[in-house]
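What follows is the content of run_33.txt, which has compact mmCIF, C-alpha atoms and all ligand atoms:
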```txt
# COMPACT_ATOMS: atom_id res chain seq x y z
CA MET A 14 -17.83 -10.90 -14.44
CA ASP A 15 -15.05 -9.21 -12.50
CA THR A 16 -12.12 -11.08 -14.02
CA ILE A 17 -11.06 -9.99 -17.48
CA VAL A 18 -7.93 -12.09 -17.94
CA GLN A 19 -6.99 -15.25 -16.09
CA THR A 20 -4.00 -17.32 -17.14
CA TYR A 21 -3.21 -20.77 -15.83
CA ARG A 22 0.40 -21.92 -15.94
CA LEU A 23 0.81 -20.18 -19.30
CA THR A 24 4.22 -20.69 -20.92
CA LYS A 25 5.99 -19.77 -24.14
CA ARG A 26 9.06 -21.41 -25.53
CA PHE A 27 11.00 -20.20 -28.57
CA LYS A 28 13.28 -23.05 -29.65
CA ASP A 29 15.39 -23.80 -26.55
CA ALA A 30 14.41 -20.73 -24.59
CA GLU A 31 11.44 -20.75 -22.24
CA VAL A 32 10.76 -17.02 -22.34
CA ILE A 33 7.59 -17.20 -20.25
CA LYS A 34 7.74 -19.55 -17.27
CA PRO A 35 4.42 -20.90 -15.92
CA LEU A 36 2.38 -17.75 -15.47
CA ASP A 37 -0.72 -17.41 -13.30
CA PHE A 38 -1.97 -13.91 -13.88
CA THR A 39 -5.31 -12.26 -13.17
CA LEU A 40 -6.51 -8.93 -14.51
CA LYS A 41 -9.54 -7.61 -12.65
CA LYS A 42 -12.18 -5.28 -14.01
CA GLY A 43 -11.40 -1.62 -13.34
CA GLU A 44 -7.67 -2.00 -12.82
CA ILE A 45 -4.89 -0.06 -14.47
CA CYS A 46 -2.30 -2.80 -14.23
CA ALA A 47 1.31 -2.02 -15.11
CA LEU A 48 3.59 -4.79 -16.29
CA ILE A 49 7.14 -3.63 -15.55
CA GLY A 50 10.22 -5.37 -16.85
CA LYS A 51 13.36 -4.53 -18.74
CA ASN A 52 13.74 -5.17 -22.47
CA GLY A 53 13.47 -8.85 -23.21
CA ALA A 54 11.71 -9.73 -19.91
CA GLY A 55 8.74 -11.15 -21.77
CA LYS A 56 6.11 -8.39 -21.67
CA SER A 57 5.31 -8.38 -25.40
CA THR A 58 5.23 -12.17 -25.47
CA ILE A 59 2.57 -12.22 -22.75
CA PHE A 60 0.54 -9.57 -24.58
CA LYS A 61 0.83 -11.45 -27.87
CA MET A 62 -0.47 -14.60 -26.23
CA LEU A 63 -3.41 -12.64 -24.82
CA SER A 64 -4.16 -11.13 -28.23
CA GLY A 65 -3.92 -14.50 -29.97
CA GLN A 66 -1.01 -13.34 -32.15
CA ILE A 67 1.10 -16.21 -30.85
CA LYS A 68 0.11 -19.54 -29.37
CA PRO A 69 1.17 -20.47 -25.85
CA THR A 70 3.42 -23.51 -25.60
CA SER A 71 1.39 -24.80 -22.67
CA GLY A 72 -1.15 -23.66 -20.12
CA ASP A 73 -4.49 -22.03 -20.63
CA MET A 74 -6.28 -18.73 -20.32
CA GLN A 75 -9.75 -17.31 -19.90
CA LEU A 76 -10.85 -13.97 -21.28
CA PHE A 77 -13.97 -12.54 -19.64
CA GLY A 78 -14.43 -15.99 -18.15
CA LYS A 79 -14.53 -17.68 -21.57
CA THR A 80 -12.38 -20.49 -22.90
CA GLY A 81 -12.19 -22.36 -26.20
CA LYS A 82 -14.14 -20.90 -29.11
CA LYS A 83 -16.06 -18.43 -26.96
CA LYS A 84 -12.72 -16.92 -26.00
CA ALA A 85 -12.25 -15.58 -29.54
CA ARG A 86 -15.50 -13.62 -29.26
CA ALA A 87 -14.54 -12.39 -25.79
CA ARG A 88 -11.22 -11.18 -27.22
CA LYS A 89 -13.14 -8.75 -29.43
CA ARG A 90 -14.00 -6.88 -26.25
CA MET A 91 -10.30 -6.05 -25.90
CA GLY A 92 -8.26 -3.48 -27.81
CA PHE A 93 -4.60 -4.34 -28.34
CA MET A 94 -1.75 -2.00 -29.23
CA ILE A 95 1.27 -4.27 -29.22
CA GLU A 96 3.25 -3.01 -32.15
CA THR A 97 3.03 0.47 -33.62
CA PRO A 98 -0.03 0.38 -35.89
CA ALA A 99 0.78 0.55 -39.58
CA PHE A 100 -0.79 3.91 -40.36
CA PHE A 101 -0.39 5.40 -43.82
CA PRO A 102 2.01 8.34 -43.55
CA ASP A 103 0.33 10.41 -46.26
CA PHE A 104 -3.21 9.83 -45.02
CA THR A 105 -4.71 12.18 -42.47
CA ALA A 106 -5.64 10.82 -39.06
CA GLN A 107 -9.26 10.74 -40.13
CA GLN A 108 -8.50 8.90 -43.39
CA ASN A 109 -6.38 6.37 -41.52
CA LEU A 110 -9.14 5.65 -39.03
CA GLU A 111 -11.70 5.44 -41.83
CA TYR A 112 -9.53 2.84 -43.59
CA PHE A 113 -9.27 0.70 -40.44
CA ARG A 114 -12.95 1.22 -39.58
CA ILE A 115 -13.95 -0.39 -42.88
CA GLN A 116 -11.27 -3.08 -42.62
CA ARG A 117 -12.41 -4.05 -39.12
CA GLY A 118 -16.11 -3.95 -39.94
CA VAL A 119 -17.04 -1.20 -37.49
CA VAL A 120 -20.44 -0.12 -38.80
CA ASP A 121 -20.84 3.21 -37.06
CA LYS A 122 -19.09 5.91 -39.12
CA GLN A 123 -19.65 8.45 -36.36
CA ARG A 124 -17.35 6.43 -34.10
CA ILE A 125 -14.30 7.97 -35.81
CA HIS A 126 -15.25 11.41 -34.59
CA GLU A 127 -16.01 10.09 -31.12
CA VAL A 128 -12.63 8.42 -30.73
CA LEU A 129 -10.77 11.43 -32.13
CA GLU A 130 -12.55 13.56 -29.53
CA ILE A 131 -11.66 11.13 -26.74
CA VAL A 132 -7.94 11.17 -27.59
CA ASP A 133 -8.02 14.92 -28.12
CA LEU A 134 -7.04 14.84 -31.78
CA ALA A 135 -10.31 16.15 -33.26
CA LYS A 136 -8.75 19.50 -34.08
CA GLU A 137 -5.83 17.81 -35.85
CA LYS A 138 -7.79 15.17 -37.69
CA LYS A 139 -6.96 16.67 -41.09
CA LYS A 140 -3.22 16.61 -40.48
CA LYS A 141 -1.21 13.94 -42.24
CA PHE A 142 0.02 11.13 -40.02
CA LYS A 143 3.64 11.84 -40.92
CA GLU A 144 3.23 15.35 -39.54
CA TYR A 145 2.13 14.08 -36.14
CA SER A 146 4.42 14.17 -33.08
CA MET A 147 5.30 10.86 -31.39
CA GLY A 148 2.73 11.52 -28.68
CA MET A 149 0.00 12.24 -31.23
CA LYS A 150 0.88 9.07 -33.13
CA GLN A 151 0.51 7.06 -29.93
CA ARG A 152 -2.80 8.70 -29.16
CA LEU A 153 -4.00 7.89 -32.67
CA GLY A 154 -2.98 4.28 -32.01
CA ILE A 155 -5.13 4.32 -28.89
CA ALA A 156 -7.99 5.87 -30.92
CA LEU A 157 -7.71 2.93 -33.30
CA CYS A 158 -8.00 0.50 -30.36
CA LEU A 159 -11.08 2.38 -29.19
CA LEU A 160 -12.91 2.11 -32.54
CA SER A 161 -14.58 -1.13 -31.52
CA SER A 162 -15.57 0.22 -28.07
CA PRO A 163 -13.53 -2.27 -26.03
CA ASP A 164 -13.95 -2.93 -22.31
CA CYS A 165 -10.21 -3.48 -21.88
CA LEU A 166 -7.10 -1.98 -23.46
CA VAL A 167 -3.76 -3.79 -23.66
CA LEU A 168 -0.96 -1.36 -24.49
CA ASP A 169 2.64 -2.40 -24.99
CA GLU A 170 5.06 0.42 -24.07
CA PRO A 171 2.79 3.22 -25.34
CA ILE A 172 4.93 5.91 -23.73
CA ASN A 173 8.29 4.59 -24.83
CA GLY A 174 10.32 7.42 -26.33
CA LEU A 175 7.84 10.18 -25.48
CA ASP A 176 8.87 13.44 -23.88
CA ALA A 177 7.47 14.56 -20.51
CA GLU A 178 4.53 16.34 -22.12
CA GLY A 179 3.68 13.33 -24.30
CA ILE A 180 3.80 11.05 -21.27
CA MET A 181 1.53 13.38 -19.32
CA GLU A 182 -1.02 13.48 -22.16
CA ILE A 183 -1.15 9.69 -22.42
CA ARG A 184 -1.45 9.45 -18.64
CA LYS A 185 -4.35 11.92 -18.67
CA LEU A 186 -6.03 10.06 -21.49
CA LEU A 187 -5.71 6.62 -19.90
CA THR A 188 -6.91 7.90 -16.52
CA LYS A 189 -9.95 9.39 -18.26
CA LEU A 190 -10.67 6.15 -20.14
CA ASN A 191 -10.42 4.19 -16.92
CA GLN A 192 -12.42 6.49 -14.69
CA GLU A 193 -15.03 7.87 -17.06
CA LYS A 194 -15.43 5.08 -19.61
CA HIS A 195 -14.69 2.28 -17.13
CA ILE A 196 -12.11 0.69 -19.38
CA THR A 197 -9.72 -1.74 -17.72
CA ILE A 198 -6.12 -1.18 -18.77
CA LEU A 199 -3.10 -3.47 -18.96
CA ILE A 200 0.00 -1.49 -19.88
CA SER A 201 3.71 -2.26 -20.01
CA SER A 202 6.86 -0.25 -19.57
CA HIS A 203 10.51 -0.85 -18.78
CA ILE A 204 10.59 2.24 -16.53
CA LEU A 205 8.61 2.17 -13.30
CA THR A 206 8.49 5.94 -12.84
CA GLU A 207 6.62 6.34 -16.14
CA LEU A 208 3.67 4.38 -14.79
CA GLU A 209 3.99 5.14 -11.10
CA LEU A 210 1.43 7.95 -11.24
CA LEU A 211 -0.96 6.06 -13.50
CA ALA A 212 -1.33 2.44 -12.46
CA THR A 213 -3.35 0.97 -9.62
CA ARG A 214 -1.35 -2.26 -9.62
CA PHE A 215 2.24 -3.14 -10.46
CA VAL A 216 3.43 -6.51 -11.71
CA PHE A 217 7.21 -6.88 -12.02
CA ILE A 218 8.58 -9.40 -14.49
CA LYS A 219 12.11 -10.71 -14.90
CA ASN A 220 13.22 -13.41 -17.33
CA GLY A 221 9.62 -14.48 -17.89
CA VAL A 222 8.79 -14.79 -14.18
CA VAL A 223 6.60 -12.50 -12.08
CA VAL A 224 8.87 -11.41 -9.23
CA ASP A 225 6.45 -9.07 -7.45
CA ASP A 226 2.81 -8.05 -7.67
CA LEU A 227 1.83 -4.99 -5.66
CA SER A 228 -1.14 -2.70 -5.24
CA LYS A 229 -0.57 1.05 -5.46
CA GLU A 230 -0.85 1.23 -1.67
CA ALA A 231 1.77 -1.46 -1.17
CA LEU A 232 4.09 0.34 -3.59
CA VAL A 233 3.70 3.62 -1.71
CA ASP A 234 4.38 1.74 1.51
CA LYS A 235 7.67 0.48 0.12
CA SER A 236 8.76 4.02 -0.69
CA ARG A 237 8.43 5.18 2.91
CA LYS A 238 11.43 6.10 4.96
CA GLN A 239 13.40 3.43 6.72
CA ILE A 240 15.85 3.43 9.62
CA LEU A 241 19.32 2.05 9.01
CA LEU A 242 21.51 1.18 11.97
CA LYS A 243 24.85 -0.47 12.50
CA VAL A 244 25.32 -2.22 15.84
CA ASP A 245 27.89 -4.42 17.57
CA ASP A 246 25.38 -7.17 18.34
CA PRO A 247 22.55 -7.46 15.77
CA ALA A 248 20.95 -10.48 17.48
CA LYS A 249 20.64 -8.63 20.77
CA ALA A 250 19.39 -5.49 19.02
CA ALA A 251 16.74 -7.55 17.22
CA ARG A 252 15.59 -9.08 20.53
CA VAL A 253 15.30 -5.67 22.18
CA LEU A 254 13.38 -4.24 19.24
CA GLU A 255 11.02 -7.20 18.99
CA GLN A 256 10.18 -6.94 22.66
CA ALA A 257 9.42 -3.24 22.37
CA TYR A 258 7.48 -3.25 19.09
CA VAL A 259 5.31 -6.24 18.24
CA ASP A 260 4.70 -5.40 14.58
CA LEU A 261 8.23 -4.24 13.79
CA GLN A 262 9.31 -4.95 10.20
CA TYR A 263 13.07 -5.24 10.04
CA GLN A 264 15.86 -6.97 8.19
CA VAL A 265 19.27 -8.00 9.46
CA LEU A 266 21.78 -7.41 6.68
CA PRO A 267 25.50 -8.21 6.35
CA ASP A 268 28.04 -6.03 8.17
CA GLN A 269 25.90 -5.84 11.34
CA VAL A 270 23.38 -3.58 9.61
CA ILE A 271 19.70 -3.63 10.52
CA THR A 272 17.03 -1.81 8.55
CA ILE A 273 13.62 -1.02 10.03
CA GLN A 274 10.83 -0.32 7.60
CA ASN A 275 7.82 0.82 9.59
CA TYR A 276 9.01 2.97 12.48
CA ALA A 277 10.92 5.87 10.89
CA GLU A 278 8.96 8.40 12.93
CA LYS A 279 10.22 6.76 16.15
CA ALA A 280 13.90 6.98 15.19
CA GLY A 281 14.97 8.89 18.32
CA GLU A 282 13.07 6.58 20.65
CA ILE A 283 14.55 3.47 19.02
CA ASN A 284 18.08 4.84 19.25
CA ARG A 285 17.63 5.58 22.97
CA LEU A 286 16.10 2.19 23.63
CA LEU A 287 19.02 0.35 22.06
CA VAL A 288 21.63 2.41 23.86
CA ASP A 289 19.80 2.00 27.21
CA SER A 290 19.70 -1.76 26.61
CA GLY A 291 23.46 -1.89 26.26
CA VAL A 292 23.62 -2.22 22.49
CA PHE A 293 26.52 -0.31 20.99
CA VAL A 294 25.07 1.71 18.09
CA ARG A 295 27.81 2.66 15.66
CA GLU A 296 25.67 4.28 13.02
CA PHE A 297 22.07 5.41 13.02
CA ARG A 298 20.19 7.24 10.28
CA THR A 299 16.87 7.42 8.50
CA GLU A 300 16.85 7.23 4.72
CA THR A 301 14.29 7.29 1.97
CA LEU A 302 14.23 4.05 0.13
CA LYS A 303 14.92 4.70 -3.52
CA LEU A 304 11.97 2.95 -5.08
CA GLU A 305 13.34 2.99 -8.58
CA GLU A 306 16.59 1.40 -7.42
CA TYR A 307 14.76 -1.22 -5.39
CA PHE A 308 12.66 -2.27 -8.34
CA LEU A 309 15.52 -2.07 -10.79
CA GLY A 310 17.12 -4.65 -8.53
CA LEU A 311 14.00 -6.76 -8.89
CA VAL A 312 13.71 -6.63 -12.65
CA GLU A 313 17.34 -6.42 -13.69
CA GLY A 314 20.13 -8.95 -13.41
CA GLU A 315 21.64 -11.71 -15.46
CA GLN A 316 19.51 -13.43 -18.05
CA GLN A 317 19.20 -17.13 -17.31
N1 LIG B 401 9.63 -14.79 -32.32
C1 LIG B 401 10.62 -14.98 -31.45
N2 LIG B 401 11.54 -15.93 -31.66
C2 LIG B 401 12.53 -16.15 -30.77
N3 LIG B 401 12.68 -15.45 -29.62
C3 LIG B 401 11.79 -14.49 -29.36
C4 LIG B 401 10.68 -14.19 -30.24
N4 LIG B 401 9.97 -13.20 -29.71
C5 LIG B 401 10.58 -12.87 -28.55
N5 LIG B 401 11.65 -13.64 -28.33
C6 LIG B 401 12.54 -13.58 -27.15
O1 LIG B 401 11.72 -13.70 -26.01
C7 LIG B 401 12.22 -12.88 -24.95
C8 LIG B 401 11.11 -11.97 -24.47
O2 LIG B 401 10.84 -11.01 -25.49
P1 LIG B 401 9.68 -9.92 -25.36
O3 LIG B 401 9.63 -9.17 -26.64
O4 LIG B 401 8.44 -10.56 -24.89
O5 LIG B 401 10.26 -8.99 -24.20
P2 LIG B 401 9.75 -7.58 -23.70
O6 LIG B 401 9.74 -7.63 -22.22
O7 LIG B 401 8.47 -7.22 -24.37
O8 LIG B 401 10.88 -6.63 -24.15
P3 LIG B 401 10.84 -5.47 -25.27
O9 LIG B 401 10.33 -4.30 -24.55
O10 LIG B 401 12.27 -5.35 -25.65
O11 LIG B 401 9.96 -5.97 -26.37
C9 LIG B 401 13.42 -12.15 -25.51
O12 LIG B 401 14.57 -12.84 -25.10
C10 LIG B 401 13.24 -12.24 -27.00
O13 LIG B 401 14.47 -12.24 -27.66
```
What's the structure tokens form of this structure?
Ligand SMILES: Nc1ncnc2c1ncn2[C@@H]1O[C@H](COP(=O)(O)OP(=O)(O)OP(=O)(O)O)[C@@H](O)[C@H]1O
Amino acid sequence: MDTIVQTYRLTKRFKDAEVIKPLDFTLKKGEICALIGKNGAGKSTIFKMLSGQIKPTSGDMQLFGKTGKKKARARKRMGFMIETPAFFPDFTAQQNLEYFRIQRGVVDKQRIHEVLEIVDLAKEKKKKFKEYSMGMKQRLGIALCLLSSPDCLVLDEPINGLDAEGIMEIRKLLTKLNQEKHITILISSHILTELELLATRFVFIKNGVVVDDLSKEALVDKSRKQILLKVDDPAKAARVLEQAYVDLQYQVLPDQVITIQNYAEKAGEINRLLVDSGVFVREFRTETLKLEEYFLGLVEGEQQ
């Protein structure tokens, strides 16, 4: 079974507000899938529907290919960290995990030591939770998710508020879980750059709608350099360019501006070609597309 999550036209309405519009989403085995959207976009609501914490208003979903009652058993193969786990501040990390191990019916006592090793907290297991840094607290939360040896982790903003070192540690940990333990990961953030180095797929969400869904390769592609030119006759320029380059990707923008996405290395040649064809080129430059700005444009904007 290669599909871990599949939703079909899943929606959620709170009173008058439809906060998740019909959502068709697939999470494939082995992915580290980042759900990116600003606060209020609907990330937690999607995760809560997946975890069973809240009921969808309409639509359906399969977990590990199961629906109906079998879905509940399939859900046990997933570890969710949606809200900060309610650890006891005066308990040590080990005592906290022991409490939840019993509560969740995990039989193997040894598992506590295993998960503390995995999240690199074994040496600090006797420290009280309240003495932990933010990053350590988050890693303990992930350890708690791992107690039941899940095949998939769903983590809601686990690096929110962490410093650079904390973010790097979580990134290292999640990469290790994915590559060595073959755990599929669905993770959310409101900042693309936090997950840019970690995820293998990026799903952008705005006002409860998926506005883009890109592989890592496609994302890297979008961050390549582009050519920006300002000409007197954009239609003519476009004709000349299309004749010269069959697979040219370009956009004609307002103010007689044309941007070319996939030929930055041929900037000089393109400039010459246009001039030789009688196009008056007023401005010509290559620029690096600011990925963060581009995607902020995608996920920000007025709430509907
Ligand atoms: N229980 C609720 N009752 C009413 N509205 C809710 C409820 N839960 C969430 N919402 C609304 O649904 C929308 C989506 O919220 P959600 O928490 O899913 O967003 P998010 O992308 O996870 O953002 P954040 O990172 O701020 O949690 C928001 O407008 C929020 O106010």
Closest of A:Asp103, A:Glu96, A:Asp73, A:Glu137 to ligand LIG 401 (chain B), counting only C-alpha atoms and all ligand atoms, is A:Glu96
Å distance separating atom CA of A:Pro102 from atom CA of A:Lys140, one decimal place: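 Distance between the two atoms: 10.3 Å.
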Please extract the residues at most 10 Å from ligand LIG 401 (chain B), counting only C-alpha atoms and all ligand atoms, and provide them as a ChimeraX atom specification, using the chain letters and residue numbers of this document. /A:25-33,48-62,67,95-96,169-170,173,201-203,218-221,316
Straight-line distance linking atom CA of A:Phe142 with atom CA of A:Glu178, stated in Å to one decimal: 19.2 Å
Please identify all polymer residues within 12 Å of A:Ser161, counting all atoms listed in the file, omitting same-chain residues fewer than 6 positions from it, and present them as a tab-separated table (two decimals) with C-alpha atoms, in the coordinates of the input.
```tsv
chain	number	residue	atom	x	y	z
A	88	ARG	CA	-11.22	-11.18	-27.22
A	89	LYS	CA	-13.14	-8.75	-29.43
A	90	ARG	CA	-14.00	-6.88	-26.25
A	91	MET	CA	-10.30	-6.05	-25.90
A	92	GLY	CA	-8.26	-3.48	-27.81
A	93	PHE	CA	-4.60	-4.34	-28.34
A	110	LEU	CA	-9.14	5.65	-39.03
A	113	PHE	CA	-9.27	0.70	-40.44
A	114	ARG	CA	-12.95	1.22	-39.58
A	115	ILE	CA	-13.95	-0.39	-42.88
A	116	GLN	CA	-11.27	-3.08	-42.62
A	117	ARG	CA	-12.41	-4.05	-39.12
A	118	GLY	CA	-16.11	-3.95	-39.94
A	119	VAL	CA	-17.04	-1.20	-37.49
A	120	VAL	CA	-20.44	-0.12	-38.80
A	121	ASP	CA	-20.84	3.21	-37.06
A	122	LYS	CA	-19.09	5.91	-39.12
A	123	GLN	CA	-19.65	8.45	-36.36
A	124	ARG	CA	-17.35	6.43	-34.10
A	125	ILE	CA	-14.30	7.97	-35.81
A	127	GLU	CA	-16.01	10.09	-31.12
A	128	VAL	CA	-12.63	8.42	-30.73
A	155	ILE	CA	-5.13	4.32	-28.89
```
